[in-house]
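coords_4.pdb (PDB, C-alpha atoms and all ligand atoms)
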MODEL        1
ATOM      1  CA  MET K 191       0.000   0.000   0.000  1.00  0.00           C
ATOM      2  CA  ARG K 192       1.423   3.383  -0.970  1.00  0.00           C
ATOM      3  CA  VAL K 193       0.338   6.283   1.190  1.00  0.00           C
ATOM      4  CA  ILE K 194       0.507   9.805  -0.229  1.00  0.00           C
ATOM      5  CA  THR K 195      -0.187  12.691   2.120  1.00  0.00           C
ATOM      6  CA  CYS K 196      -1.803  15.654   0.381  1.00  0.00           C
ATOM      7  CA  LYS K 197      -1.781  19.132   1.862  1.00  0.00           C
ATOM      8  CA  ASN K 198      -5.540  19.534   1.685  1.00  0.00           C
ATOM      9  CA  TYR K 199      -8.769  18.399   0.004  1.00  0.00           C
ATOM     10  CA  GLU K 200      -7.962  20.276  -3.210  1.00  0.00           C
ATOM     11  CA  GLU K 201      -4.560  18.666  -3.600  1.00  0.00           C
ATOM     12  CA  MET K 202      -6.044  15.217  -2.859  1.00  0.00           C
ATOM     13  CA  SER K 203      -8.766  15.770  -5.478  1.00  0.00           C
ATOM     14  CA  LYS K 204      -6.326  16.936  -8.151  1.00  0.00           C
ATOM     15  CA  THR K 205      -3.923  14.060  -7.442  1.00  0.00           C
ATOM     16  CA  ALA K 206      -6.778  11.531  -7.733  1.00  0.00           C
ATOM     17  CA  ALA K 207      -7.955  13.118 -10.997  1.00  0.00           C
ATOM     18  CA  ARG K 208      -4.415  12.977 -12.420  1.00  0.00           C
ATOM     19  CA  LEU K 209      -4.185   9.273 -11.560  1.00  0.00           C
ATOM     20  CA  VAL K 210      -7.563   8.607 -13.221  1.00  0.00           C
ATOM     21  CA  ALA K 211      -6.471  10.614 -16.274  1.00  0.00           C
ATOM     22  CA  GLY K 212      -3.264   8.555 -16.409  1.00  0.00           C
ATOM     23  CA  GLN K 213      -5.317   5.346 -16.416  1.00  0.00           C
ATOM     24  CA  VAL K 214      -7.600   6.641 -19.188  1.00  0.00           C
ATOM     25  CA  SER K 215      -4.603   7.740 -21.335  1.00  0.00           C
ATOM     26  CA  LEU K 216      -2.910   4.391 -20.823  1.00  0.00           C
ATOM     27  CA  LYS K 217      -6.045   2.396 -21.661  1.00  0.00           C
ATOM     28  CA  PRO K 218      -8.720   4.519 -23.374  1.00  0.00           C
ATOM     29  CA  ASN K 219     -11.291   1.710 -23.055  1.00  0.00           C
ATOM     30  CA  CYS K 220     -10.596   1.130 -19.368  1.00  0.00           C
ATOM     31  CA  VAL K 221     -13.181   0.225 -16.732  1.00  0.00           C
ATOM     32  CA  LEU K 222     -13.398   2.659 -13.822  1.00  0.00           C
ATOM     33  CA  GLY K 223     -15.016   1.835 -10.490  1.00  0.00           C
ATOM     34  CA  LEU K 224     -16.539   4.999  -9.054  1.00  0.00           C
ATOM     35  CA  ALA K 225     -17.743   6.250  -5.680  1.00  0.00           C
ATOM     36  CA  THR K 226     -20.202   8.928  -4.581  1.00  0.00           C
ATOM     37  CA  GLY K 227     -20.259  11.081  -1.426  1.00  0.00           C
ATOM     38  CA  SER K 228     -18.419  14.277  -0.498  1.00  0.00           C
ATOM     39  CA  THR K 229     -14.915  12.849  -0.859  1.00  0.00           C
ATOM     40  CA  PRO K 230     -14.741  12.380  -4.658  1.00  0.00           C
ATOM     41  CA  GLU K 231     -16.699  15.544  -5.589  1.00  0.00           C
ATOM     42  CA  GLY K 232     -13.539  17.636  -6.107  1.00  0.00           C
ATOM     43  CA  MET K 233     -12.013  14.882  -8.233  1.00  0.00           C
ATOM     44  CA  TYR K 234     -15.089  14.915 -10.485  1.00  0.00           C
ATOM     45  CA  VAL K 235     -14.830  18.717 -10.842  1.00  0.00           C
ATOM     46  CA  GLU K 236     -11.211  18.296 -11.930  1.00  0.00           C
ATOM     47  CA  LEU K 237     -12.014  15.447 -14.357  1.00  0.00           C
ATOM     48  CA  ALA K 238     -14.783  17.557 -15.926  1.00  0.00           C
ATOM     49  CA  ARG K 239     -12.334  20.472 -16.271  1.00  0.00           C
ATOM     50  CA  MET K 240      -9.749  18.206 -17.944  1.00  0.00           C
ATOM     51  CA  TYR K 241     -12.384  16.918 -20.371  1.00  0.00           C
ATOM     52  CA  GLN K 242     -13.557  20.447 -21.181  1.00  0.00           C
ATOM     53  CA  ASN K 243      -9.927  21.484 -21.870  1.00  0.00           C
ATOM     54  CA  GLY K 244      -9.541  18.586 -24.287  1.00  0.00           C
ATOM     55  CA  GLU K 245      -7.112  16.748 -22.011  1.00  0.00           C
ATOM     56  CA  LEU K 246      -9.320  13.699 -21.486  1.00  0.00           C
ATOM     57  CA  ASP K 247     -11.619  11.566 -23.607  1.00  0.00           C
ATOM     58  CA  PHE K 248     -14.156   9.297 -21.920  1.00  0.00           C
ATOM     59  CA  SER K 249     -15.785   8.030 -25.121  1.00  0.00           C
ATOM     60  CA  ASN K 250     -14.499   4.475 -24.691  1.00  0.00           C
ATOM     61  CA  VAL K 251     -14.437   4.361 -20.887  1.00  0.00           C
ATOM     62  CA  SER K 252     -16.920   2.222 -18.918  1.00  0.00           C
ATOM     63  CA  THR K 253     -17.860   2.954 -15.324  1.00  0.00           C
ATOM     64  CA  PHE K 254     -19.360   0.886 -12.522  1.00  0.00           C
ATOM     65  CA  ASN K 255     -20.459   2.585  -9.324  1.00  0.00           C
ATOM     66  CA  LEU K 256     -20.007   0.938  -5.982  1.00  0.00           C
ATOM     67  CA  ASP K 257     -23.454   1.350  -4.542  1.00  0.00           C
ATOM     68  CA  GLU K 258     -26.972   2.766  -4.567  1.00  0.00           C
ATOM     69  CA  TYR K 259     -29.643   3.257  -1.945  1.00  0.00           C
ATOM     70  CA  CYS K 260     -32.493   0.728  -1.963  1.00  0.00           C
ATOM     71  CA  PRO K 261     -35.281   1.266  -2.603  1.00  0.00           C
ATOM     72  CA  ILE K 262     -34.828   4.491  -4.565  1.00  0.00           C
ATOM     73  CA  ASP K 263     -35.729   5.671  -8.078  1.00  0.00           C
ATOM     74  CA  LYS K 264     -32.830   6.927 -10.120  1.00  0.00           C
ATOM     75  CA  GLU K 265     -34.692  10.222 -10.742  1.00  0.00           C
ATOM     76  CA  ASN K 266     -34.799  10.889  -6.979  1.00  0.00           C
ATOM     77  CA  ASP K 267     -32.360  13.729  -6.256  1.00  0.00           C
ATOM     78  CA  GLN K 268     -30.848  11.716  -3.393  1.00  0.00           C
ATOM     79  CA  SER K 269     -30.064   8.719  -5.577  1.00  0.00           C
ATOM     80  CA  TYR K 270     -26.457   7.976  -6.426  1.00  0.00           C
ATOM     81  CA  TYR K 271     -27.482   7.911 -10.093  1.00  0.00           C
ATOM     82  CA  TYR K 272     -28.625  11.537  -9.709  1.00  0.00           C
ATOM     83  CA  PHE K 273     -25.326  12.396  -7.967  1.00  0.00           C
ATOM     84  CA  MET K 274     -23.245  10.834 -10.743  1.00  0.00           C
ATOM     85  CA  ASN K 275     -25.279  12.507 -13.445  1.00  0.00           C
ATOM     86  CA  LYS K 276     -24.860  15.897 -11.759  1.00  0.00           C
ATOM     87  CA  HIS K 277     -21.131  15.568 -11.030  1.00  0.00           C
ATOM     88  CA  LEU K 278     -19.815  13.548 -13.963  1.00  0.00           C
ATOM     89  CA  TYR K 279     -22.134  12.046 -16.577  1.00  0.00           C
ATOM     90  CA  SER K 280     -23.595  15.393 -17.672  1.00  0.00           C
ATOM     91  CA  LYS K 281     -20.122  16.993 -17.766  1.00  0.00           C
ATOM     92  CA  VAL K 282     -18.081  14.542 -19.884  1.00  0.00           C
ATOM     93  CA  ASN K 283     -18.505  12.350 -22.970  1.00  0.00           C
ATOM     94  CA  LEU K 284     -19.172   9.009 -21.275  1.00  0.00           C
ATOM     95  CA  LYS K 285     -21.602   6.960 -23.366  1.00  0.00           C
ATOM     96  CA  PRO K 286     -24.904   6.185 -21.593  1.00  0.00           C
ATOM     97  CA  GLU K 287     -24.572   2.486 -22.417  1.00  0.00           C
ATOM     98  CA  ASN K 288     -21.203   2.407 -20.611  1.00  0.00           C
ATOM     99  CA  LEU K 289     -22.458   3.764 -17.247  1.00  0.00           C
ATOM    100  CA  HIS K 290     -23.487   1.327 -14.552  1.00  0.00           C
ATOM    101  CA  ILE K 291     -24.974   1.783 -11.090  1.00  0.00           C
ATOM    102  CA  PRO K 292     -26.817  -0.933  -9.152  1.00  0.00           C
ATOM    103  CA  ASN K 293     -30.551  -0.460  -9.740  1.00  0.00           C
ATOM    104  CA  GLY K 294     -32.014   0.554  -6.374  1.00  0.00           C
ATOM    105  CA  SER K 295     -35.563   0.076  -7.658  1.00  0.00           C
ATOM    106  CA  ALA K 296     -35.049  -3.439  -9.058  1.00  0.00           C
ATOM    107  CA  LYS K 297     -37.919  -5.829  -8.222  1.00  0.00           C
ATOM    108  CA  ASP K 298     -35.662  -8.871  -8.008  1.00  0.00           C
ATOM    109  CA  ILE K 299     -32.740  -7.724  -5.863  1.00  0.00           C
ATOM    110  CA  GLU K 300     -30.852 -11.025  -5.947  1.00  0.00           C
ATOM    111  CA  THR K 301     -30.854 -11.158  -9.734  1.00  0.00           C
ATOM    112  CA  GLU K 302     -29.897  -7.469  -9.926  1.00  0.00           C
ATOM    113  CA  CYS K 303     -26.883  -8.071  -7.656  1.00  0.00           C
ATOM    114  CA  ALA K 304     -25.758 -11.252  -9.427  1.00  0.00           C
ATOM    115  CA  ASN K 305     -26.071  -9.546 -12.829  1.00  0.00           C
ATOM    116  CA  TYR K 306     -24.097  -6.546 -11.619  1.00  0.00           C
ATOM    117  CA  ASP K 307     -21.099  -8.747 -10.760  1.00  0.00           C
ATOM    118  CA  LYS K 308     -21.469 -10.593 -14.075  1.00  0.00           C
ATOM    119  CA  MET K 309     -21.476  -7.294 -15.976  1.00  0.00           C
ATOM    120  CA  ILE K 310     -18.247  -6.217 -14.258  1.00  0.00           C
ATOM    121  CA  ASP K 311     -16.638  -9.549 -15.138  1.00  0.00           C
ATOM    122  CA  SER K 312     -17.858  -9.341 -18.752  1.00  0.00           C
ATOM    123  CA  ALA K 313     -16.377  -5.865 -19.054  1.00  0.00           C
ATOM    124  CA  GLY K 314     -13.009  -7.403 -18.144  1.00  0.00           C
ATOM    125  CA  GLY K 315     -13.006  -6.373 -14.473  1.00  0.00           C
ATOM    126  CA  ILE K 316     -12.310  -2.991 -12.945  1.00  0.00           C
ATOM    127  CA  ASP K 317      -8.987  -1.444 -13.959  1.00  0.00           C
ATOM    128  CA  LEU K 318      -9.059   1.353 -11.404  1.00  0.00           C
ATOM    129  CA  GLN K 319     -11.399   1.576  -8.417  1.00  0.00           C
ATOM    130  CA  ILE K 320     -11.941   4.862  -6.578  1.00  0.00           C
ATOM    131  CA  LEU K 321     -12.982   4.471  -2.949  1.00  0.00           C
ATOM    132  CA  GLY K 322     -13.985   6.740  -0.094  1.00  0.00           C
ATOM    133  CA  ILE K 323     -14.184   5.528   3.491  1.00  0.00           C
ATOM    134  CA  GLY K 324     -16.850   5.851   6.176  1.00  0.00           C
ATOM    135  CA  SER K 325     -15.865   7.156   9.599  1.00  0.00           C
ATOM    136  CA  ASN K 326     -16.727   3.615  10.808  1.00  0.00           C
ATOM    137  CA  GLY K 327     -14.270   2.137   8.298  1.00  0.00           C
ATOM    138  CA  HIS K 328     -16.811   0.998   5.710  1.00  0.00           C
ATOM    139  CA  ILE K 329     -15.856   0.857   2.039  1.00  0.00           C
ATOM    140  CA  ALA K 330     -18.728   1.005  -0.412  1.00  0.00           C
ATOM    141  CA  PHE K 331     -21.496  -0.010   2.026  1.00  0.00           C
ATOM    142  CA  ASN K 332     -19.622  -2.970   3.491  1.00  0.00           C
ATOM    143  CA  GLU K 333     -20.313  -2.076   7.089  1.00  0.00           C
ATOM    144  CA  PRO K 334     -18.348  -3.369  10.114  1.00  0.00           C
ATOM    145  CA  GLU K 335     -19.714  -6.872  10.838  1.00  0.00           C
ATOM    146  CA  ASP K 336     -18.465 -10.249  12.041  1.00  0.00           C
ATOM    147  CA  GLU K 337     -18.727 -11.470   8.473  1.00  0.00           C
ATOM    148  CA  LEU K 338     -18.353  -9.576   5.225  1.00  0.00           C
ATOM    149  CA  THR K 339     -19.958 -10.496   1.900  1.00  0.00           C
ATOM    150  CA  ALA K 340     -17.994 -11.264  -1.264  1.00  0.00           C
ATOM    151  CA  GLY K 341     -20.312 -10.193  -4.077  1.00  0.00           C
ATOM    152  CA  THR K 342     -22.762  -7.356  -4.727  1.00  0.00           C
ATOM    153  CA  HIS K 343     -25.572  -7.585  -2.192  1.00  0.00           C
ATOM    154  CA  ARG K 344     -28.283  -5.732  -0.304  1.00  0.00           C
ATOM    155  CA  VAL K 345     -27.181  -4.373   3.030  1.00  0.00           C
ATOM    156  CA  GLU K 346     -28.810  -2.753   6.020  1.00  0.00           C
ATOM    157  CA  LEU K 347     -27.097   0.567   6.736  1.00  0.00           C
ATOM    158  CA  THR K 348     -25.741   1.108  10.240  1.00  0.00           C
ATOM    159  CA  GLU K 349     -26.961   3.932  12.474  1.00  0.00           C
ATOM    160  CA  ASP K 350     -23.516   5.602  12.039  1.00  0.00           C
ATOM    161  CA  THR K 351     -23.880   5.643   8.269  1.00  0.00           C
ATOM    162  CA  ILE K 352     -27.511   6.802   8.380  1.00  0.00           C
ATOM    163  CA  LYS K 353     -26.472   9.655  10.678  1.00  0.00           C
ATOM    164  CA  ALA K 354     -23.459  10.582   8.515  1.00  0.00           C
ATOM    165  CA  ASN K 355     -25.530  10.576   5.307  1.00  0.00           C
ATOM    166  CA  SER K 356     -28.491  12.444   6.800  1.00  0.00           C
ATOM    167  CA  ARG K 357     -26.660  15.688   5.911  1.00  0.00           C
ATOM    168  CA  PHE K 358     -27.844  15.157   2.324  1.00  0.00           C
ATOM    169  CA  PHE K 359     -31.506  14.613   3.326  1.00  0.00           C
ATOM    170  CA  ALA K 360     -34.241  16.810   4.847  1.00  0.00           C
ATOM    171  CA  SER K 361     -34.146  14.667   7.981  1.00  0.00           C
ATOM    172  CA  GLU K 362     -32.525  11.516   9.313  1.00  0.00           C
ATOM    173  CA  SER K 363     -35.776   9.592   8.913  1.00  0.00           C
ATOM    174  CA  ASP K 364     -35.663  10.226   5.142  1.00  0.00           C
ATOM    175  CA  VAL K 365     -32.374   8.315   4.714  1.00  0.00           C
ATOM    176  CA  PRO K 366     -33.093   4.914   3.128  1.00  0.00           C
ATOM    177  CA  ARG K 367     -32.291   2.076   5.543  1.00  0.00           C
ATOM    178  CA  HIS K 368     -30.855  -0.230   2.879  1.00  0.00           C
ATOM    179  CA  ALA K 369     -28.473  -0.094  -0.052  1.00  0.00           C
ATOM    180  CA  LEU K 370     -27.130  -2.314  -2.803  1.00  0.00           C
ATOM    181  CA  THR K 371     -23.371  -2.469  -2.550  1.00  0.00           C
ATOM    182  CA  SER K 372     -20.387  -4.043  -4.214  1.00  0.00           C
ATOM    183  CA  GLY K 373     -19.008  -6.750  -1.963  1.00  0.00           C
ATOM    184  CA  MET K 374     -15.484  -7.089  -0.666  1.00  0.00           C
ATOM    185  CA  ALA K 375     -14.430  -9.497  -3.427  1.00  0.00           C
ATOM    186  CA  THR K 376     -15.924  -7.222  -6.081  1.00  0.00           C
ATOM    187  CA  ILE K 377     -13.681  -4.458  -4.741  1.00  0.00           C
ATOM    188  CA  MET K 378     -10.611  -6.616  -4.132  1.00  0.00           C
ATOM    189  CA  LYS K 379     -10.720  -7.966  -7.709  1.00  0.00           C
ATOM    190  CA  SER K 380     -10.037  -4.438  -9.038  1.00  0.00           C
ATOM    191  CA  LYS K 381      -6.608  -4.251 -10.621  1.00  0.00           C
ATOM    192  CA  LYS K 382      -5.746  -0.954  -8.905  1.00  0.00           C
ATOM    193  CA  ILE K 383      -7.434   0.922  -6.074  1.00  0.00           C
ATOM    194  CA  ILE K 384      -7.235   4.550  -4.973  1.00  0.00           C
ATOM    195  CA  LEU K 385      -8.632   5.205  -1.509  1.00  0.00           C
ATOM    196  CA  MET K 386      -9.339   8.886  -0.875  1.00  0.00           C
ATOM    197  CA  ILE K 387      -9.450  10.026   2.756  1.00  0.00           C
ATOM    198  CA  SER K 388     -10.165  13.593   3.784  1.00  0.00           C
ATOM    199  CA  GLY K 389     -10.995  15.272   7.082  1.00  0.00           C
ATOM    200  CA  LYS K 390     -10.365  14.843  10.796  1.00  0.00           C
ATOM    201  CA  ASN K 391     -13.432  12.591  11.145  1.00  0.00           C
ATOM    202  CA  LYS K 392     -11.668   9.986   8.967  1.00  0.00           C
ATOM    203  CA  SER K 393      -8.453   9.835  11.029  1.00  0.00           C
ATOM    204  CA  GLU K 394      -9.621   6.876  13.161  1.00  0.00           C
ATOM    205  CA  PRO K 395     -10.304   4.467  10.256  1.00  0.00           C
ATOM    206  CA  LEU K 396      -7.114   5.718   8.566  1.00  0.00           C
ATOM    207  CA  LYS K 397      -5.113   4.878  11.700  1.00  0.00           C
ATOM    208  CA  LYS K 398      -6.657   1.384  11.771  1.00  0.00           C
ATOM    209  CA  LEU K 399      -5.839   0.892   8.096  1.00  0.00           C
ATOM    210  CA  LEU K 400      -2.224   1.905   8.627  1.00  0.00           C
ATOM    211  CA  THR K 401      -1.646  -0.532  11.516  1.00  0.00           C
ATOM    212  CA  GLY K 402      -1.513  -3.261   8.841  1.00  0.00           C
ATOM    213  CA  LYS K 403      -3.907  -5.398  10.931  1.00  0.00           C
ATOM    214  CA  ILE K 404      -6.921  -6.837   9.132  1.00  0.00           C
ATOM    215  CA  THR K 405     -10.337  -6.959  10.773  1.00  0.00           C
ATOM    216  CA  THR K 406     -13.938  -7.136   9.605  1.00  0.00           C
ATOM    217  CA  SER K 407     -14.751  -4.502  12.253  1.00  0.00           C
ATOM    218  CA  CYS K 408     -13.003  -2.022   9.936  1.00  0.00           C
ATOM    219  CA  PRO K 409     -13.655  -3.346   6.406  1.00  0.00           C
ATOM    220  CA  ALA K 410     -11.146  -0.912   4.837  1.00  0.00           C
ATOM    221  CA  THR K 411      -8.318  -2.814   6.554  1.00  0.00           C
ATOM    222  CA  MET K 412      -8.889  -5.628   4.000  1.00  0.00           C
ATOM    223  CA  LEU K 413      -7.155  -3.349   1.516  1.00  0.00           C
ATOM    224  CA  ASN K 414      -3.904  -4.372   3.222  1.00  0.00           C
ATOM    225  CA  MET K 415      -4.284  -7.646   1.278  1.00  0.00           C
ATOM    226  CA  HIS K 416      -4.416  -5.934  -2.128  1.00  0.00           C
ATOM    227  CA  ALA K 417      -1.236  -5.606  -4.173  1.00  0.00           C
ATOM    228  CA  ASP K 418      -1.869  -2.185  -5.737  1.00  0.00           C
ATOM    229  CA  VAL K 419      -3.522   0.357  -3.455  1.00  0.00           C
ATOM    230  CA  ILE K 420      -2.744   4.058  -3.270  1.00  0.00           C
ATOM    231  CA  VAL K 421      -4.089   5.894  -0.238  1.00  0.00           C
ATOM    232  CA  LEU K 422      -4.484   9.607  -0.834  1.00  0.00           C
ATOM    233  CA  ALA K 423      -4.972  11.196   2.574  1.00  0.00           C
ATOM    234  CA  ASP K 424      -5.098  14.890   3.362  1.00  0.00           C
ATOM    235  CA  GLU K 425      -3.259  16.339   6.358  1.00  0.00           C
ATOM    236  CA  ASP K 426      -6.471  16.665   8.376  1.00  0.00           C
ATOM    237  CA  ALA K 427      -7.086  12.903   8.079  1.00  0.00           C
ATOM    238  CA  MET K 428      -3.417  12.115   8.626  1.00  0.00           C
ATOM    239  CA  ASN K 429      -2.944  14.298  11.717  1.00  0.00           C
ATOM    240  CA  GLY K 430      -6.527  14.470  13.036  1.00  0.00           C
TER
HETATM  241  C1  LIG U   1     -20.110   5.954  -1.713  1.00  0.00           C
HETATM  242  C2  LIG U   1     -19.477   4.963  -0.862  1.00  0.00           C
HETATM  243  C3  LIG U   1     -19.220   5.229   0.569  1.00  0.00           C
HETATM  244  C4  LIG U   1     -18.518   6.558   0.803  1.00  0.00           C
HETATM  245  C5  LIG U   1     -18.283   6.783   2.300  1.00  0.00           C
HETATM  246  C6  LIG U   1     -17.674   8.144   2.566  1.00  0.00           C
HETATM  247  O1  LIG U   1     -20.254   5.476  -3.023  1.00  0.00           O
HETATM  248  O2  LIG U   1     -19.191   3.907  -1.325  1.00  0.00           O
HETATM  249  O3  LIG U   1     -18.434   4.192   1.105  1.00  0.00           O
HETATM  250  O4  LIG U   1     -17.292   6.560   0.117  1.00  0.00           O
HETATM  251  O5  LIG U   1     -19.495   6.684   2.995  1.00  0.00           O
HETATM  252  O6  LIG U   1     -18.587   9.132   2.230  1.00  0.00           O
HETATM  253  P1  LIG U   1     -18.171  10.664   2.205  1.00  0.00           P
HETATM  254  O7  LIG U   1     -17.184  10.805   1.076  1.00  0.00           O
HETATM  255  O8  LIG U   1     -19.448  11.411   1.897  1.00  0.00           O
HETATM  256  O9  LIG U   1     -17.584  10.977   3.521  1.00  0.00           O
ENDMDL
END
Please re-express this file's structure in structure tokens.
Ligand code: F6R
Amino acid sequence: MRVITCKNYEEMSKTAARLVAGQVSLKPNCVLGLATGSTPEGMYVELARMYQNGELDFSNVSTFNLDEYCPIDKENDQSYYYFMNKHLYSKVNLKPENLHIPNGSAKDIETECANYDKMIDSAGGIDLQILGIGSNGHIAFNEPEDELTAGTHRVELTEDTIKANSRFFASESDVPRHALTSGMATIMKSKKIILMISGKNKSEPLKKLLTGKITTSCPATMLNMHADVIVLADEDAMNG
């Protein structure tokens, strides 16, 4: 695991965007694994700027997002589809047929999850996965548990996560209680991973990650078993 300390959120975002741009230049038809939430927003701004300046071409890139609330319609302004459309899809030349997010309104959840993993495999697997981290150490919505799940699955969100995400909703009771999420194996099969960590409230899970110990009570620590992970942490997360 390579750890890069960035001065602040802006530097972390620009570094992540440069790494994504490097991947796209190296393999124009690459498969990107993408995350939502506050952490990657600045990276998306930078990627959109690079595209608008003619520095990046997404026309052959495919994307798979990590997760989506469940149940939720994609038109709902709290859905992760809506987030991705606002921050990336509407800003760059990704082809609609190449964008993938688990369908949070699917009737048959099991089939939806199994098909999502199959689609990733058929696309050749994820070349570069972008991750954020929860203050409880979750990655995607793999929450701290005695057992973690390998493939894409439906999960019950923890109180910590509901509280943390309530900032995007009118009230805490509006936060969906479930989500569809990539599993740990789905994430670990990615060829490269960039974990972005920003803010004092993320210093605890970062500390746990950097001990090199692996525990399901902090799912991000599993990344210690992956051969190609870059952690981009800002000084607030590093020193907090
Ligand atoms: C989002 C995701 C989550 C977030 C995490 C941190 O797609 O998979 O694991 O990365 O909850 O969220 P923020 O960045 O909002 O602090």
Determine the residue set returned by the PyMOL selection byres (((chain K and resi 289-293) around 8) and not hetatm) for the present structure, and present it as a PDB file with C-alpha atoms, in the coordinates of the input.
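Output (expr-v4.pdb):
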ATOM      1  CA  SER K 252     -16.920   2.222 -18.918  1.00  0.00           C
ATOM      2  CA  THR K 253     -17.860   2.954 -15.324  1.00  0.00           C
ATOM      3  CA  PHE K 254     -19.360   0.886 -12.522  1.00  0.00           C
ATOM      4  CA  ASN K 255     -20.459   2.585  -9.324  1.00  0.00           C
ATOM      5  CA  LEU K 256     -20.007   0.938  -5.982  1.00  0.00           C
ATOM      6  CA  ASP K 257     -23.454   1.350  -4.542  1.00  0.00           C
ATOM      7  CA  GLU K 258     -26.972   2.766  -4.567  1.00  0.00           C
ATOM      8  CA  LYS K 264     -32.830   6.927 -10.120  1.00  0.00           C
ATOM      9  CA  TYR K 270     -26.457   7.976  -6.426  1.00  0.00           C
ATOM     10  CA  TYR K 271     -27.482   7.911 -10.093  1.00  0.00           C
ATOM     11  CA  LEU K 284     -19.172   9.009 -21.275  1.00  0.00           C
ATOM     12  CA  LYS K 285     -21.602   6.960 -23.366  1.00  0.00           C
ATOM     13  CA  PRO K 286     -24.904   6.185 -21.593  1.00  0.00           C
ATOM     14  CA  GLU K 287     -24.572   2.486 -22.417  1.00  0.00           C
ATOM     15  CA  ASN K 288     -21.203   2.407 -20.611  1.00  0.00           C
ATOM     16  CA  GLY K 294     -32.014   0.554  -6.374  1.00  0.00           C
ATOM     17  CA  SER K 295     -35.563   0.076  -7.658  1.00  0.00           C
ATOM     18  CA  ALA K 296     -35.049  -3.439  -9.058  1.00  0.00           C
ATOM     19  CA  GLU K 302     -29.897  -7.469  -9.926  1.00  0.00           C
ATOM     20  CA  CYS K 303     -26.883  -8.071  -7.656  1.00  0.00           C
ATOM     21  CA  TYR K 306     -24.097  -6.546 -11.619  1.00  0.00           C
ATOM     22  CA  LEU K 370     -27.130  -2.314  -2.803  1.00  0.00           C
ATOM     23  CA  THR K 371     -23.371  -2.469  -2.550  1.00  0.00           C
TER      24      THR K 371
END
Legend entry - Evaluate the PyMOL selection byres (((chain K and resi 414-428) around 7) and not hetatm) and report residues as a VMD selection string: chain K and resid 191 to 199 202 378 382 to 390 392 to 393 402 411 to 413 429 to 430
Inset, instruction - List all protein, DNA and RNA residues that have at least one atom no more than 8 Å from any atom of ligand LIG 1 (chain U), counting all atoms listed in the file, and write them as a ChimeraX atom specification. - result: /K:224-230,255-258,270,321-325,328-332,351,354-355,371,387-388
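Around Asp364 (chain K), within 12 Å and counting only C-alpha atoms, the residues found are Tyr259, Pro261, Ile262, Gln268, Ile352, Lys353, Asn355, Ser356, Arg357 and Phe358 of chain K, once anything fewer than 6 positions away on its own chain is removed.
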Legend entry - Closest of K:His343, K:Phe359, K:Ile404, K:Ile316 to Asp298 (chain K) - atom-to-atom distances counting only C-alpha atoms: K:His343
Legend entry - Selection dump of the PyMOL selection byres (((chain K and resi 237) around 12) and not hetatm), as a PyMOL selection string: chain K and resi 203-212+214+230-236+238-248+277-279+281-284
Output file for the residues above (C-alpha atoms, as a PDB file, in the coordinates of the input):
ATOM      1  CA  SER K 203      -8.766  15.770  -5.478  1.00  0.00           C
ATOM      2  CA  LYS K 204      -6.326  16.936  -8.151  1.00  0.00           C
ATOM      3  CA  THR K 205      -3.923  14.060  -7.442  1.00  0.00           C
ATOM      4  CA  ALA K 206      -6.778  11.531  -7.733  1.00  0.00           C
ATOM      5  CA  ALA K 207      -7.955  13.118 -10.997  1.00  0.00           C
ATOM      6  CA  ARG K 208      -4.415  12.977 -12.420  1.00  0.00           C
ATOM      7  CA  LEU K 209      -4.185   9.273 -11.560  1.00  0.00           C
ATOM      8  CA  VAL K 210      -7.563   8.607 -13.221  1.00  0.00           C
ATOM      9  CA  ALA K 211      -6.471  10.614 -16.274  1.00  0.00           C
ATOM     10  CA  GLY K 212      -3.264   8.555 -16.409  1.00  0.00           C
ATOM     11  CA  VAL K 214      -7.600   6.641 -19.188  1.00  0.00           C
ATOM     12  CA  PRO K 230     -14.741  12.380  -4.658  1.00  0.00           C
ATOM     13  CA  GLU K 231     -16.699  15.544  -5.589  1.00  0.00           C
ATOM     14  CA  GLY K 232     -13.539  17.636  -6.107  1.00  0.00           C
ATOM     15  CA  MET K 233     -12.013  14.882  -8.233  1.00  0.00           C
ATOM     16  CA  TYR K 234     -15.089  14.915 -10.485  1.00  0.00           C
ATOM     17  CA  VAL K 235     -14.830  18.717 -10.842  1.00  0.00           C
ATOM     18  CA  GLU K 236     -11.211  18.296 -11.930  1.00  0.00           C
ATOM     19  CA  ALA K 238     -14.783  17.557 -15.926  1.00  0.00           C
ATOM     20  CA  ARG K 239     -12.334  20.472 -16.271  1.00  0.00           C
ATOM     21  CA  MET K 240      -9.749  18.206 -17.944  1.00  0.00           C
ATOM     22  CA  TYR K 241     -12.384  16.918 -20.371  1.00  0.00           C
ATOM     23  CA  GLN K 242     -13.557  20.447 -21.181  1.00  0.00           C
ATOM     24  CA  ASN K 243      -9.927  21.484 -21.870  1.00  0.00           C
ATOM     25  CA  GLY K 244      -9.541  18.586 -24.287  1.00  0.00           C
ATOM     26  CA  GLU K 245      -7.112  16.748 -22.011  1.00  0.00           C
ATOM     27  CA  LEU K 246      -9.320  13.699 -21.486  1.00  0.00           C
ATOM     28  CA  ASP K 247     -11.619  11.566 -23.607  1.00  0.00           C
ATOM     29  CA  PHE K 248     -14.156   9.297 -21.920  1.00  0.00           C
ATOM     30  CA  HIS K 277     -21.131  15.568 -11.030  1.00  0.00           C
ATOM     31  CA  LEU K 278     -19.815  13.548 -13.963  1.00  0.00           C
ATOM     32  CA  TYR K 279     -22.134  12.046 -16.577  1.00  0.00           C
ATOM     33  CA  LYS K 281     -20.122  16.993 -17.766  1.00  0.00           C
ATOM     34  CA  VAL K 282     -18.081  14.542 -19.884  1.00  0.00           C
ATOM     35  CA  ASN K 283     -18.505  12.350 -22.970  1.00  0.00           C
ATOM     36  CA  LEU K 284     -19.172   9.009 -21.275  1.00  0.00           C
TER      37      LEU K 284
END
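Atom pair CA of Asn391 (chain K) / CA of Ser361 (chain K): separated by 21.1 Å.
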